[in-house]
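Chemist: Sharing a structure here in structure tokens format.
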Amino acid sequence: MTKPIVVIGSYNTDMVVQAPRIPTPGETILGGTFSMVAGGKGANQAVAAARCGGAVSFIARLGDDMFGHQAIAGLKADSIDTSHVACLPDVASGTALITVSEDGENAITVASGANALLMPDAIETADSMIAEAAIVLTQLETPLETISALVDRCAAHGVPLVLNPAPALPLNEAIFSRVAVLTPNESEAELLSGVPVTDLESAKRAGEVILAKGVKTLIITMGGDGALLFEDGSPTMVPSFTVDPVDTTGAGDTFNGALCVAISEGKSWAEAVTFANAAAAHSVTVLGAQPSAPRRADVDAMVQTHTA
């Protein structure tokens with residue numbers, strides 16, 4: 001039996017407006033097309049992993065409302081195990097308001113709703129599922145006390161944990177040495193290291209500071225430039241793929257979901273990051289977070305074209 005990839009995290013319904021540019025504070029601009037799509041960093045990563053070929057189980061909290069019921073149906077449509085996704089009464093499901101500019105950049109405001117009620121008891125209830133996981137993936141859109149409980153539980157079971165430290169938040173120093181893989185982007189690496197990240201060399205310096213905290217494997221994602229992989233302390237830049245971006249929303253989540261699939265399949269670190277880069281690059285060519293998560297065949301085709 002294939003061991004599952006267990007994802008713990010948020011689910012949001014994204015309300016997206018396409019606009020010529022991101023408005024400045026206090027400014028109102030006229031936008032274009034409106035769409036409502038499934039999102040939330042945890043759910044985005046779960047869907048990306050499932051579409052890339054992983055057997056995925058998701059742990060989350062939703063409201064007992066229209067958005068929550070739609071969320072369950074959508075997750076099941078991607079063959080994701082939702083046995084540990086609960087719809088809570090008298091609380092709203094998480095939502096996000098997103099503006100996407102013509103050049104593919106975005107600005108996001110999140111109302112956490114039920115995501116804020118994903119407490120440590122959810123980790124306790126899912127103990128047997130976590131113990132049997134091939135790998136566990138989480139982010140920081142849910143309470144930090146739950147993340148700490150998850151770190152403890154994965155360590156107790158010897159299950160590797162991938163922590164995507166997004167959105168950027170200060171972390172308890174003890175966490176760093178207990179995760180298998182840390183995957184910050186440039187701004188998150190800057191927060192965690194105290195080193196301003198403006199280019200490849202400063203990213204390497206930030207990485208050295210983070211590694212000194214006890215991180216085993218570090219991957220700093222750098223958008224269209226690719227990802228900086230620190231394997232055994234040594235940095236290697238793994239280039240991305242050239243595409244015309246439509247919407248970068250969820251690209252980092254797609255990277256993380258795809259990365260966990262590649263790791264669970266036993267790919268080398270360089271192969272795993274290349275696979276994840278391909279998935280992320282493909283995702284920015286489609287509008288929306290979960291709608292943009294590519295299928296395995298599309299990712300494999302992009303990798304093969306790149307390596308041919």
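Identifiers for the structure tokens are assigned positionally: chains receive A, B, ... in sequence, residues are indexed from 1 per chain, and ligands are indexed from 1 in the order shown.
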Report the closest atom pair, with its distance in Å rounded to one decimal, for each residue of stretch 61-178 of chain A that has an atom no farther than 7 Å from stretch 10-34 of chain A; count only C-alpha atoms, sort by chain and then rising residue number, and write it as CSV.
Modeler:
residue,atom,partner,partner_atom,distance
A:Phe67,CA,A:Thr13,CA,6.7
A:Ser93,CA,A:Asn12,CA,6.8
A:Gly94,CA,A:Asn12,CA,4.4
A:Thr95,CA,A:Asn12,CA,4.6
A:Ala96,CA,A:Asp14,CA,4.7
A:Leu97,CA,A:Met15,CA,5.1
A:Ile98,CA,A:Val16,CA,4.7
A:Thr99,CA,A:Val17,CA,5.0
A:Val100,CA,A:Gln18,CA,4.8
A:Ser101,CA,A:Arg21,CA,4.3
A:Glu102,CA,A:Pro20,CA,5.1
A:Ala107,CA,A:Ile22,CA,6.8
A:Asn115,CA,A:Ser10,CA,5.5
A:Glu141,CA,A:Ser10,CA,5.9
A:Thr142,CA,A:Ser10,CA,6.3
Chemist: Name the residues of stretch 48-135 of chain A that fall into strand (DSSP E or B) according to DSSP on the backbone, using the chain letters and numbers of this document, as a PyMOL selection string.
Modeler: chain A and resi 56-63+81-88+94-100+106-111+135
Chemist: Could you give me, as a PyMOL selection string, the residues within 7 Å of stretch 242-252 of chain A, counting only C-alpha atoms and dropping anything in the same chain fewer than 5 positions from it?
Modeler: chain A and resi 44+100+103-106+280-281+283-289
Chemist: Here is a test: counting only C-alpha atoms, which residue of A:Val56, A:Ala278, A:Leu228, A:Ala293 is nearest to A:His306?
Modeler: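 Nearest to A:His306: A:Ala278.
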Chemist: So, counting only C-alpha atoms, which residue among A:Pro167, A:Pro184, A:Pro235, A:Gly207 is closest to A:Met222?
Modeler: A:Pro184
Chemist: Using only C-alpha atoms, which residues sit within 7 Å of A:Val136 once same-chain residues fewer than 6 positions away are excluded, as an mmCIF file with C-alpha atoms, in the first residue's frame?
Modeler:
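What landed in result.cif:
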data_model
loop_
_atom_site.group_PDB
_atom_site.id
_atom_site.type_symbol
_atom_site.label_atom_id
_atom_site.label_comp_id
_atom_site.auth_asym_id
_atom_site.auth_seq_id
_atom_site.Cartn_x
_atom_site.Cartn_y
_atom_site.Cartn_z
ATOM 1 C CA ILE A 5 1.456 12.391 1.892
ATOM 2 C CA VAL A 6 -0.262 14.101 4.828
ATOM 3 C CA VAL A 7 -0.892 17.839 4.473
ATOM 4 C CA PRO A 160 9.927 13.550 7.782
ATOM 5 C CA LEU A 161 8.251 16.966 7.993
ATOM 6 C CA VAL A 162 8.452 19.618 5.284
#
Chemist: Quick one: everything within 10 Å of A:Asn185, counting only C-alpha atoms, minus sequence neighbours fewer than 5 positions away in the same chain. Send it as a list in words.
Modeler: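 Listed by chain and then number, they are Asn164, Pro165, Ala166, Pro167, Ala168, Glu190, Val197, Ala203, Ile219, Ile220, Thr221, Met222, Gly223, Ala227, Leu228 and Gly252 of chain A.
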Chemist: With only C-alpha atoms as the counted atoms, please give the residues lying no more than 10 Å from A:Gly9, apart from itself and same-chain residues fewer than 4 positions off, as a PyMOL selection string.
Modeler: chain A and resi 40-46+58-61+115-116+118+137-143+146-147
Chemist: Find the distance between atom CA of A:Asp253 and atom CA of A:Ala48 and write it in Å to one decimal.
Modeler: 7.5 Å
Chemist: Using only C-alpha atoms, which of the listed residues (A:Gly158, A:Gly194, A:Pro89, A:Gly63) sits closest to A:Gly113?
Modeler: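 Closest to A:Gly113, using only C-alpha atoms: A:Gly63.
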Chemist: For A:Leu88, please output as a list in words all residues within 9 Å (counting only C-alpha atoms; exclusion window: fewer than 3 positions along the same chain).
Modeler: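 Result of the neighbour search: Arg61, Leu62, Gly63, Asp64, Asp65, Gly68, Val91, Ala92, Ser93, Ala114 and Leu117 of chain A.
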Chemist: Write the residues of the preceding selection, restricted to C-alpha atoms, as a PDB file, in the first residue's frame.
Modeler:
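Below you can see result.pdb, which holds the result:
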ATOM      1  CA  ARG A  61     -10.990  22.965   9.633  1.00  0.00           C
ATOM      2  CA  LEU A  62     -13.832  24.546   7.664  1.00  0.00           C
ATOM      3  CA  GLY A  63     -17.021  26.351   8.535  1.00  0.00           C
ATOM      4  CA  ASP A  64     -20.346  24.553   8.302  1.00  0.00           C
ATOM      5  CA  ASP A  65     -21.329  26.865   5.459  1.00  0.00           C
ATOM      6  CA  GLY A  68     -17.054  24.553   3.574  1.00  0.00           C
ATOM      7  CA  VAL A  91     -17.820  29.800  12.292  1.00  0.00           C
ATOM      8  CA  ALA A  92     -17.061  31.006   8.758  1.00  0.00           C
ATOM      9  CA  SER A  93     -14.793  29.140   6.381  1.00  0.00           C
ATOM     10  CA  ALA A 114     -12.160  28.239  10.761  1.00  0.00           C
ATOM     11  CA  LEU A 117      -9.465  26.724  15.011  1.00  0.00           C
TER      12      LEU A 117
END
Chemist: From the DSSP assignment of the backbone, select every residue of stretch 41-166 of chain A that is helix (DSSP H, G or I), and format the answer as a ChimeraX atom specification.
Modeler: /A:41-51,66-77,113-117,120-125,127-131,144-157
Chemist: Quick one: of A:Ser292, A:Gly54, A:Ala49, A:Lys204, who's nearest to A:Ala276, counting only C-alpha atoms?
Modeler: A:Ala49
Chemist: Give me, please, the distance in Å between atom CA of A:Ile210 and atom CA of A:Thr198, quoted to one decimal.
Modeler: 16.2 Å
Chemist: Looking at only C-alpha atoms, which of A:Val37, A:Arg51, A:Ser83, A:Ile175 is the one that sits closest to A:Val299?
Modeler: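 For A:Val299, the nearest of the candidates is A:Arg51.
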Chemist: Between atom CA of A:Pro294 and atom CA of A:His84, what is the distance in Å, rounded to a tenth?
Modeler: 24.6 Å
